[in-house]
Structure formats: C-alpha cells, structure tokens
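Below is one structure, written out as structure tokens; the observations come after it.
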Amino acid sequence: MDLRGTDATVTLQSSAGQLAPSKNEQVQSVEQHALDWWSLAAIAPAIIILLGFLFLFFYGVFQSLTDLKFGRPLVRFIGFTNYEVAIKTQDFWNSVRATMAYACSAVLAEALFGLALAKLFASGVFLARMMRPVILLPLVLPPMSVALMWTTMMDPQNGILNYLLSLIGIGRFAWISDASTAMFSLVLIDIWTYTPFFALIIFAGLQGINDEVREAARVNGAKGWATFLHIELPLIAPYILIAAIFRLIESLNQFDIVFGTTQGGPGDSTSVLSVRAYITAFQNLAFGRGAALMVVNWLIVLLGTLAMVKLWRSVRQRVS
Amino acid sequence: MPRTLAALRGHSAHFARTALICSTLLAGAAAAKAEDINWRQFEGASIVWAYDIHPYADAVAAQLPEFEKLTGIKVTPELYPDDAYWNKLTIQLSTKSPSWDVVGTGIQPAWDLAPGQLLEPLDRYLNDPKLTSASYDYKDFFPALRDALTWEIKGGQIEAGRGQVWAIPHGFENIQLFYRKDILDKHGIKVPTTPPEMSAACEKLKSADPGITPLGVRGVRFWSSIHTAAISIAKSYGVHDFVVKDGKLETGLDSRESIAFHKDYVEMIKKCAAPSFANDNWYQVVDGINSGRTAMAIDSNMFGFWNNVAGKPASGKIAFAPPLRAPNGKNFESNIWIWSLAMNAASQKKGAAWLFIQWATSKQVELNGAVAGKLVNSPRASTWSDKVWLDYAAKPEFTNFVDTFKSVQDRAALAFTPRVGFAEAMNAWAVAMQKMVNGADVKATLTDLASEIRSSM
C-alpha cells in the first residue's frame with residue numbers, strides 16, 4: 001500500500017478545497033442558511049416566553065413608579081416617590097436589616113452544619129449511611145407546612161419544644177412570640193429545613209475527590225484534620241459556594257416560613273422585605289408601594305448573587 | 001346601636017306571633033317553594049362559596065342539600081382559616097378571578113373592596129321580583145345592620161348611610177367579656193370591669209395558678225386583633241380611629257385619650273395575656289376558654305355560647321359580661337362585626353349566586369342555623385322573636401347569654417369610621433400594639449403610627 005501517495009492525494013484535495021469552495025459546500029452553505037430559520041422558529045416559543053417573563057418583570061417595575069391602590073379612580077405616574085417615602089421610614093430599614101440578618105445567618109449556619117453532615121455521610125459509618133435518606137425529609141415538605149408545624153411546636157405555653165427544654169431544667173423560652181427571640185427562631189426553622197440541601201451538594205463534592213489525593217496527603221504525613229482543611233475543603237469550596245448562591249437567593253426572598261409563623265412580627269422584628277411587600281400590596285391594598293418594596297428586594301438579591309458568583313468563580317479558578 | 005336593640009325589643013311581641021307561625025308553617029324548603037320566583041331558573045349551574053372556617057359557615061353548609069334540592073344549583077363551599085381567608089379573598093377579588101361566586105365578608109373589608117368594583121352591588125337583585133321572593137323581607141334585618149352595609153362611593157371614598165347595598169348580613173357579633181365561672185369562683189375573683197381591675201385580677205389568678213392564662217385576647221399582626229377587644233375598650237376611653245378636624249379627616253390615634261387607653265391596655269396585656277399573644281388569633285382564644293387553660297376572654301360573644309353547648313367540655317361553665325370600660329367612663333362600648341354574604345363582581349354566574357345569597361340569609365335558614373346552636377347571632381328580627389330560638393338560648397347551660405346579649409347590644413355599634421383604607425390603618429395599629437406590648441414607648445409609638453396613617457391618607 002502506497003501510503004505516501006494516499007497522503008499526498010488527501011493533502012492536495014484539502015488544499016484545493018481551501019482555494020475555492022466546492023459545489024457541494026456551496027449547497028451546504030445555502031442549506032445551513034435555511035436551517036438557521038428553522039432554528040429560529042424552533043426557539044421562538046422560548047423567546048416569546050422569555051419576553052413574557054421580562055414584560056411582567058418590567059410591568060412590576062412600572063407599577064412601583066405609580067400610586068396604584070384600590071379605591072383610586074386614576075393611577076398616576078409618580079416617579080420614585082414610593083422609593084423615597086419608603087427609605088425615609090425606620091420600618092423600611094428595619095426590614096432591610098431583617099432580610100439581611102435572616103439570609104446571612106441562615107446560609108452561614110446551613111453551610112457549616114451541611115459541611116459537618118456531609119463529612120459524616122462520607123465517613124461511611126453505618127449509622128450515617130442509615131441517616132442519609134432520613135435527613136432529606138425536611139427538604140420535601142412544603143415550606144408553609146414547615147412553618148405551621150414549627151409554630152405549634154414553638155408555642156411558648158403548649159409547644160413541645162418548651163416541654164423538652166423543661167425536661168433538662170430550662171425555663172420557658174418565648175421562641176417566635178417575643179421580638180428578641182423571633183428572628184433566631186425563624187433562622188432555626190430555616191436551618192432545619194435547608195441544611196440537608198447543603199449536605200447533599202457538599203457530599204457530592206466530597207465523593208468527587210479522588211482517593212489518590214487523600215492517599216498522597218497521608219503519605220506526606222498529613223493527619224485527618226490537616227487533610228480536610230488543606231486538601232478537601234479547598235476542593236469542595238466551589239460546591240459549598242454554589243449551594244450558598246442558591247440558598248442566598250431563596251433566603252433573601254424567603255416568604256413562606258416568615259409569614260407562616262410570625263407574619264413579620266412581633267412588632268416589626270421579623271418583617272423581611274418580601275413579607276412587608278406582600279402586606280403592603282395585598283393586605284393594605286397599596287400595590288404601587290408593595291411593588292417598590294419588591295424591586296428593592298430584587299436589587300438586594302441581585303447584588304448578593306453577583307457578589308457570590310464572583311467569589312465562586314475566583315475560588316473555582318484557584319481550585320483548577 | 002340603640003336602634004338595634006329597640007328593634008329587638010320593639011319587634012319582639014309582634015314578631016313572636018308572626019315568627020312562631022312562620023317557623024311552624026314554613027319549615028324547610030317549603031317556604032321558598034310557595035313563593036313567586038322560579039327557584040329553578042338557574043338549574044344546573046354550579047357556584048363556589050368562599051368563607052372563613054367558622055360555625056356560621058357550618059350552619060349554612062349543613063342546610064346546603066335543601067338549597068340544591070330546591071334550585072338544582074350545586075354549591076361548593078371553600079372554607080379557609082381566618083387570616084389565610086382574608087389574604088386569599090383580597091387576591092381572588094383583586095385579580096378579578098371568577099372562581100369564587102359568593103364570598104363571606106365583614107363591612108370593614110368590604111369598604112376596601114367596593115371602590116375597586118370588586119363587589120357586585122345587590123340592589124338590582126333585591127329589587128327584581130323575578131329574582132327575589134316577596135317573602136324574603138329584607139326589612140326584617142335589623143336597621144343598623146342594613147344601614148351599615150349600604151353606602152355610596154364618592155371620589156373613591158365611602159359615604160355611609162345611603163346608596164347601594166354591598167352585602168347581606170347573615171350573622172353578627174358583639175364584643176363581650178366571657179369567663180370561666182368555675183375558675184373565677186374557685187379563686188374568689190370578681191368579674192373585672194376596667195383594664196386596671198383586669199390587671200389586678202390577672203395578678204391574683206397568676207399567683208394562685210401559674211398554669212392558667214388569665215385573659216385570652218387576639219394579638220396577631222392584623223386588623224382582626226383591633227376590631228375586637230382593643231377598639232371596644234378604646235372607644236370607652238374616648239378614642240376615635242378618625243376624627244374630623246377643620247373639615248378634614250384626621251387620625252385620632254395619637255390623642256390624649258388614645259395614649260391613656262394604650263397605657264392601660266398594654267399594661268393589661270403584659271399582665272394578663274398568653275406569652276403567645278403576638279401569634280394568637282380567635283382560634284387560640286376560643287381554645288383556651290373551651291379547654292379551661294384561659295380564665296377570661298374579650299372577643300365575639302358567640303364564642304362563649306358555642307362552648308356552652310350541651311356535650312362540650314365547658315358546657316355551662318362560661319358566663320358573659322359586658323366588655324371592659326375606661327376607669328372613669330360611665331359606659332362600656334362594644335364593636336360589632338357583621339358576617340355578610342357578598343357577590344364577586346367577576347362572577348359569571350351572578351343569578352345563581354344571588355339565589356344562594358337570598359336563600360342563605362332567608363328567615364328559615366337563619367332560624368334553623370340559630371336553633372342548631374351555630375348561627376346564634378342572627379341579624380333578623382324574626383329570629384330574635386322566635387320562641388323556639390329564645391327557649392333554646394335561655395337553657396341553663398348558656399348561663400346569662402340572652403340577657404347579656406341584650407344589655408350589650410344596647411350599646412353595641414360599629415366603632416370604626418367608614419372609609420377606604422381601613423385595612424392599612426388598622427393593620428398598622430395592630431403592629432404598633434405588638435411593638436408597645438414588646439416594650440416600645442407608648443407615646444412615641446402612637447406618634448409614629450399616626451404619622452404613618454397620615455402619610456397614606
């Protein structure tokens with residue numbers, strides 16, 4: 001077999017092809033052009049749906065610039081008045097603080113507990129393996145059911161939590177009924193509900209680490225804690241951060257747990273922005289002002305998410 | 001509400017005879033069948049009736065088979081817990097959803113809903129002889145209740161007293177103090193009449209039995225907390241939610257009287273109410289009285305009645321008294337709440353919906369509901385002069401229900417100023433109340449509350 005000859009032929013054909021497009025390619029090019037229209041038609045519904053979503057979003061933003069309210073015969077465009085009025089009140093800043101405090105403390109605690117649980121699951125201990133499916137139960141409960149369940153348990157007089165505390169000699173705790181303890185109690189409910197989410201993702205990250213890396217660390221004399229801190233933790237950091245991004249978005253928007261337990265009270269102690277917006281719009285029937293609060297909430301979510309994504313990218317680059 | 005009681009008393013002799021005859025002759029659906037409208041004109045229609053989970057709803061729901069047999073209209077009741085219901089009602093109506101045809105409401109929420117044309121005015125149905133039976137007798141409803149549900153909308157605001165009918169009453173409530181006789185007797189406590197007296201009684205009760213909640217009061221962050229105990233007692237201190245100053249409507253919640261009331265009320269709540277006050281709605285208040293965990297309650301009168309019914313654990317143990325009054329006040333005051341049936345303006349089955357409203361608020365259904373121990377505060381004069389009902393309500397297990405009802409009803413009145421924006425202002429008041437109970441300065445909180453209400457007027 002004359003390999004050289006074959007190669008030469010291939011090379012010549014390739015060169016000729018580069019000099020002038022063949023007839024076939026011309027046809028192909030025309031076909032490709034025609035295929036673009038088909039592609040466009042295929043994705044058109046998605047584009048329409050996307051535009052629909054965007055329209056609703058911008059309609060909401062537009063509403064926040066009006067004095068839309070029930071009983072008003074005319075709706076007027078009032079610019080940023082709703083925002084100006086809101087930021088001048090102490091209650092608004094309380095809500096911003098409550099939103100941030102709730103989300104940041106819940107996400108941080110969930111990341112820590114999730115990490116501990118994931119590590120436990122990865123240990124392969126029999127009990128840990130048994131616990132794996134059970135620990136996911138809170139995640140599959142509807143958040144409003146979770147809220148109602150915890151409201152009953154946290155009743156300061158008849159709730160089971162205070163009964164359990166009494167067994168170990170601890171007196172009555174106010175839980176969600178006192179302004180000083182309500183936020184802590186809500187964060188506790190969030191932690192119970194969503195820690196399994198972190199545990200699941202971090203566990204997946206731990207499973208992805210090659211055993212040879214751990215073995216190499218061990219050969220170099222690293223003990224268990226040092227291996228975890230210097231080898232495993234940096235490798236699973238992107239996983240922790242990706243879970244944190246999802247949870248931060250949800251926590252900053254959290255409504256069900258807060259509304260289902262305290263409705264934002266006592267006083268304004270747990271009045272996060274989403275709950276304040278809902279009450280303003282649907283209980284007080286001031287839709288314009290409610291929409292403005294939602295836009296502020298959206299901006300906070302957007303900024304928080306962008307910051308987290310940036311952090312995630314830099315961590316991932318370092319790991320790579 | 002003197003007019004209401006006058007109606008109660010004045011009509012009693014006349015109605016006793018008439019209603020006795022009516023209740024005997026017009027049993028069940030026979031009354032409707034004999035009337036001049038065609039009850040089957042919307043046969044085959046199916047409507048949805050939304051309401052609070054409430055014994056008043058149970059009273060109507062229990063009689064639904066009669067209605068369906070009479071009209072051929074299928075009614076699906078959708079019942080929701082109290083605070084969830086109000087939120088859902090606003091959303092359903094404000095989105096102009098036709099999925100609910102008939103809704104339960106009070107006057108105050110209807111003030112906010114009517115101007116947006118979310119409720120259907122009912123005059124044209126009432127005045128249509130093809131749609132309303134001659135025996136329906138709209139004038140049989142107590143005049144004060146009819147007046148309260150009639151208003152016109154001018155410039156987006158409520159002008160009460162005349163105009164269109166926005167809903168039909170089918171049960172009302174006045175605010176009273178009711179208490180566990182067994183608990184107060186055991187500890188030798190006299191029924192308190194003022195907030196300071198109540199505070200003292202609570203301290204005595206707490207020291208005698210720390211396991212008992214002395215007083216059950218609603219405290220949730222919603223206007224329903226205000227419209228029961230708070231507004232009734234506040235009114236006796238001379239507090240007004242709104243006042244007219246220099247020809248302009250102005251809030252009265254930062255007045256001298258209001259500060260005096262709130263100081264006493266907040267003190268009383270701190271000493272008397274359950275630690276879960278901020279989360280307590282009427283369900284918790286009623287459960288407390290029923291189970292004997294709570295010694296006294298200030299809320300709608302029929303909660304005491306329902307738990308006195310024979311067979312209930314608290315039967316015969318609950319007694320009634322007027323609501324608390326200001327220490328230097330001459331009289332107590334009692335707010336009224338009127339459970340009413342209204343029509344969703346977006347309903348696509350308005351004819352069938354009207355037949356249901358008409359039937360559910362008819363003399364017979366009201367009387368049946370009352371005698372069943374559910375619809376115990378009937379808005380119809382004919383029920384209150386009906387021997388069957390009066391004999392039933394005067395049974396020993398209901399202690400002094402009828403007598404107290406009559407004396408309280410003498411002074412019972414709608415304590416709020418009719419206006420659009422009721423929910424916003426009263427929700428803000430409920431939040432302010434929680435803040436004060438949690439230790440915020442009374443005067444400063446009321447100043448903030450007043451300025452918040454002014455900014456939205």
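All residue names refer to the structure tokens as shown: chains lettered A, B, ... in order, residues numbered from 1 in each chain, ligands numbered from 1 in order.
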_Set the cut-off to 9 Å and count only C-alpha atoms: what are the residues of chain A that reach chain B? Output as a ChimeraX atom specification._
/A:69-73,85,89,151,155-157,174,176-180,261-269,279-280,282-286
_Just list as a PyMOL selection string whatever in stretch 139-187 of chain A DSSP marks as helix (DSSP H, G or I)._
chain A and resi 139-140+143-153+160-167+175-177+179-187
Selected residues written out with C-alpha atoms, as an mmCIF file, in the first residue's frame:
```cif
data_model
loop_
_atom_site.group_PDB
_atom_site.id
_atom_site.type_symbol
_atom_site.label_atom_id
_atom_site.label_comp_id
_atom_site.auth_asym_id
_atom_site.auth_seq_id
_atom_site.Cartn_x
_atom_site.Cartn_y
_atom_site.Cartn_z
ATOM 1 C CA LEU A 139 -36.475 19.309 52.113
ATOM 2 C CA VAL A 140 -39.504 17.557 50.685
ATOM 3 C CA PRO A 143 -42.393 25.415 53.467
ATOM 4 C CA MET A 144 -45.845 26.532 54.663
ATOM 5 C CA SER A 145 -46.374 23.146 56.341
ATOM 6 C CA VAL A 146 -42.967 23.504 57.927
ATOM 7 C CA ALA A 147 -43.994 26.943 59.217
ATOM 8 C CA LEU A 148 -47.258 25.698 60.700
ATOM 9 C CA MET A 149 -45.591 22.685 62.276
ATOM 10 C CA TRP A 150 -42.927 24.816 63.947
ATOM 11 C CA THR A 151 -45.485 27.424 65.047
ATOM 12 C CA THR A 152 -47.236 24.702 67.024
ATOM 13 C CA MET A 153 -44.012 23.320 68.420
ATOM 14 C CA ILE A 160 -43.359 20.579 72.659
ATOM 15 C CA LEU A 161 -40.048 22.454 72.466
ATOM 16 C CA ASN A 162 -40.574 24.142 75.803
ATOM 17 C CA TYR A 163 -41.675 20.837 77.272
ATOM 18 C CA LEU A 164 -38.434 19.238 76.081
ATOM 19 C CA LEU A 165 -36.444 22.147 77.492
ATOM 20 C CA SER A 166 -38.246 21.759 80.790
ATOM 21 C CA LEU A 167 -37.040 18.144 80.987
ATOM 22 C CA TRP A 175 -39.476 31.459 70.593
ATOM 23 C CA ILE A 176 -41.488 33.290 67.914
ATOM 24 C CA SER A 177 -43.624 35.228 70.411
ATOM 25 C CA ALA A 179 -39.320 40.316 69.433
ATOM 26 C CA SER A 180 -35.891 39.476 70.856
ATOM 27 C CA THR A 181 -36.058 35.757 70.049
ATOM 28 C CA ALA A 182 -38.292 35.620 66.974
ATOM 29 C CA MET A 183 -35.550 36.088 64.368
ATOM 30 C CA PHE A 184 -33.380 33.443 65.999
ATOM 31 C CA SER A 185 -36.335 31.044 65.935
ATOM 32 C CA LEU A 186 -37.028 31.671 62.253
ATOM 33 C CA VAL A 187 -33.387 31.109 61.349
#
```
*Quick one: everything within 10 Å of stretch 220-233 of chain A, counting only C-alpha atoms, minus sequence neighbours fewer than 2 positions away in the same chain. Send it as a PyMOL selection string.*
chain A and resi 115+119+202+205-206+209+213-218+235-240
*Contacts of stretch 321-335 of chain B at 8 Å or less, counting only C-alpha atoms, minus same-chain residues fewer than 4 places along, as a PyMOL selection string?*
chain B and resi 174-178+191-196+227-229+231-237+261+298+404+407-409+411-415
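Between B:Ala200 and the residues B:Ala370, B:Ile226, B:Ile168, B:Cys272, the shortest atom-to-atom distance, using only C-alpha atoms, involves B:Cys272.
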*as a PyMOL selection string, list the residues of stretch 209-438 of chain B assigned to strand (DSSP E) by DSSP on the backbone atoms of this structure.*
chain B and resi 213-216+242-245+248-251+294-300+318-321+334-343+412-413
Could you save those same residues with N, CA, C and O atoms as a tab-separated table (two decimals), in the first residue's frame?
```
chain	number	residue	atom	x	y	z
B	213	THR	N	-53.79	30.93	81.86
B	213	THR	CA	-53.67	32.23	81.21
B	213	THR	C	-54.88	33.04	81.67
B	213	THR	O	-56.02	32.66	81.41
B	214	PRO	N	-54.65	34.17	82.34
B	214	PRO	CA	-55.81	34.90	82.88
B	214	PRO	C	-56.77	35.42	81.79
B	214	PRO	O	-57.98	35.34	81.95
B	215	LEU	N	-56.19	35.93	80.69
B	215	LEU	CA	-57.06	36.58	79.70
B	215	LEU	C	-56.66	36.18	78.27
B	215	LEU	O	-55.48	36.30	77.90
B	216	GLY	N	-57.61	35.77	77.49
B	216	GLY	CA	-57.36	35.47	76.08
B	216	GLY	C	-57.80	36.65	75.22
B	216	GLY	O	-58.95	37.09	75.29
B	242	PHE	N	-60.67	57.81	63.56
B	242	PHE	CA	-60.55	59.03	62.75
B	242	PHE	C	-61.48	60.10	63.31
B	242	PHE	O	-62.55	59.78	63.84
B	243	VAL	N	-61.06	61.34	63.19
B	243	VAL	CA	-61.89	62.46	63.63
B	243	VAL	C	-61.85	63.52	62.53
B	243	VAL	O	-60.94	63.51	61.69
B	244	VAL	N	-62.84	64.38	62.53
B	244	VAL	CA	-62.81	65.47	61.54
B	244	VAL	C	-62.26	66.71	62.24
B	244	VAL	O	-62.80	67.16	63.25
B	245	LYS	N	-61.12	67.21	61.72
B	245	LYS	CA	-60.50	68.41	62.29
B	245	LYS	C	-60.44	69.47	61.19
B	245	LYS	O	-59.87	69.21	60.12
B	248	LYS	N	-61.42	68.39	57.89
B	248	LYS	CA	-60.57	67.39	57.24
B	248	LYS	C	-60.49	66.13	58.11
B	248	LYS	O	-60.43	66.23	59.33
B	249	LEU	N	-60.50	64.98	57.46
B	249	LEU	CA	-60.41	63.73	58.21
B	249	LEU	C	-58.98	63.56	58.75
B	249	LEU	O	-58.01	63.77	58.03
B	250	GLU	N	-58.91	63.21	60.02
B	250	GLU	CA	-57.60	63.14	60.68
B	250	GLU	C	-57.61	61.95	61.63
B	250	GLU	O	-58.65	61.63	62.21
B	251	THR	N	-56.48	61.28	61.80
B	251	THR	CA	-56.48	60.15	62.73
B	251	THR	C	-56.53	60.63	64.18
B	251	THR	O	-55.95	61.67	64.53
B	294	THR	N	-57.60	29.09	79.79
B	294	THR	CA	-57.76	30.54	79.88
B	294	THR	C	-58.98	30.83	80.75
B	294	THR	O	-60.02	30.18	80.60
B	295	ALA	N	-58.83	31.82	81.64
B	295	ALA	CA	-59.92	32.10	82.58
B	295	ALA	C	-60.95	33.06	81.99
B	295	ALA	O	-62.15	32.94	82.26
B	296	MET	N	-60.49	34.06	81.25
B	296	MET	CA	-61.40	35.07	80.69
B	296	MET	C	-61.00	35.37	79.25
B	296	MET	O	-59.86	35.11	78.86
B	297	ALA	N	-61.94	35.93	78.52
B	297	ALA	CA	-61.61	36.34	77.15
B	297	ALA	C	-62.45	37.55	76.78
B	297	ALA	O	-63.56	37.72	77.29
B	298	ILE	N	-61.88	38.40	75.93
B	298	ILE	CA	-62.68	39.51	75.39
B	298	ILE	C	-62.70	39.30	73.88
B	298	ILE	O	-61.67	39.44	73.21
B	299	ASP	N	-63.85	38.92	73.38
B	299	ASP	CA	-63.94	38.63	71.95
B	299	ASP	C	-65.42	38.57	71.58
B	299	ASP	O	-66.27	39.02	72.36
B	300	SER	N	-65.72	38.01	70.44
B	300	SER	CA	-67.10	37.95	69.96
B	300	SER	C	-67.93	37.05	70.87
B	300	SER	O	-67.48	35.96	71.25
B	318	ILE	N	-69.25	28.69	81.17
B	318	ILE	CA	-68.87	30.02	80.67
B	318	ILE	C	-70.02	31.00	80.89
B	318	ILE	O	-71.17	30.70	80.54
B	319	ALA	N	-69.69	32.13	81.48
B	319	ALA	CA	-70.70	33.18	81.69
B	319	ALA	C	-70.28	34.44	80.94
B	319	ALA	O	-69.13	34.55	80.49
B	320	PHE	N	-71.19	35.37	80.84
B	320	PHE	CA	-70.97	36.54	79.98
B	320	PHE	C	-71.05	37.84	80.79
B	320	PHE	O	-71.76	37.92	81.78
B	321	ALA	N	-70.32	38.85	80.31
B	321	ALA	CA	-70.35	40.18	80.94
B	321	ALA	C	-70.06	41.21	79.86
B	321	ALA	O	-69.52	40.87	78.80
B	334	SER	N	-69.16	48.45	72.76
B	334	SER	CA	-68.93	47.15	72.13
B	334	SER	C	-68.98	47.32	70.61
B	334	SER	O	-69.94	47.88	70.08
B	335	ASN	N	-67.94	46.87	69.96
B	335	ASN	CA	-67.91	46.96	68.49
B	335	ASN	C	-68.73	45.81	67.91
B	335	ASN	O	-68.85	44.76	68.54
B	336	ILE	N	-69.30	46.03	66.75
B	336	ILE	CA	-70.00	44.90	66.10
B	336	ILE	C	-69.26	44.49	64.82
B	336	ILE	O	-68.60	45.29	64.17
B	337	TRP	N	-69.41	43.25	64.55
B	337	TRP	CA	-68.86	42.68	63.31
B	337	TRP	C	-70.03	41.99	62.62
B	337	TRP	O	-70.77	41.22	63.25
B	338	ILE	N	-70.20	42.28	61.36
B	338	ILE	CA	-71.34	41.69	60.64
B	338	ILE	C	-70.83	40.74	59.58
B	338	ILE	O	-70.29	41.17	58.55
B	339	TRP	N	-70.99	39.46	59.84
B	339	TRP	CA	-70.67	38.48	58.79
B	339	TRP	C	-71.73	38.61	57.70
B	339	TRP	O	-72.93	38.53	57.98
B	340	SER	N	-71.28	38.82	56.49
B	340	SER	CA	-72.22	39.09	55.41
B	340	SER	C	-71.84	38.29	54.17
B	340	SER	O	-70.70	37.87	54.04
B	341	LEU	N	-72.81	38.10	53.32
B	341	LEU	CA	-72.54	37.42	52.06
B	341	LEU	C	-72.55	38.46	50.94
B	341	LEU	O	-73.49	39.24	50.81
B	342	ALA	N	-71.48	38.46	50.16
B	342	ALA	CA	-71.37	39.41	49.05
B	342	ALA	C	-71.11	38.64	47.76
B	342	ALA	O	-70.76	37.46	47.79
B	343	MET	N	-71.30	39.32	46.65
B	343	MET	CA	-71.12	38.65	45.36
B	343	MET	C	-69.86	39.19	44.67
B	343	MET	O	-69.63	40.41	44.66
B	412	ALA	N	-73.94	48.46	71.62
B	412	ALA	CA	-73.06	47.97	70.55
B	412	ALA	C	-73.23	48.80	69.29
B	412	ALA	O	-74.34	49.18	68.94
B	413	ALA	N	-72.12	49.11	68.66
B	413	ALA	CA	-72.16	49.90	67.42
B	413	ALA	C	-70.88	49.67	66.65
B	413	ALA	O	-69.87	49.22	67.21
```
*asked:* Excluding B:Tyr138 and its own-chain neighbours fewer than 6 positions away, which residues fall within 10 Å of it when counting only C-alpha atoms? Please give them as number ranges by chain.
replied: B: 126, 132, 146, 168, 358, 361-363, 380
*Which residue gives the smallest distance to B:Ser255 among B:Ala61, B:Ile269, B:Ile37, B:Ala444, with only C-alpha atoms counted?*
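Among B:Ala61, B:Ile269, B:Ile37, B:Ala444, it is B:Ala444 that comes nearest to B:Ser255.
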*Fewer than 2 positions away in the same chain doesn't count, so skip those; otherwise give me all residues within 8 Å of B:Ala314, counting only C-alpha atoms, as a list in words.*
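The neighbour list is Ile289, Asn290, Ser291, Gly292, Asn307, Asn308, Lys312, Gly316, Lys317 and Ile318 of chain B.
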*Minimum-distance residue to B:Ala167, chosen among B:Pro55, B:Pro143, B:Pro418, B:Pro121 (using only C-alpha atoms)*: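 That would be B:Pro121, the residue with the smallest distance to B:Ala167.
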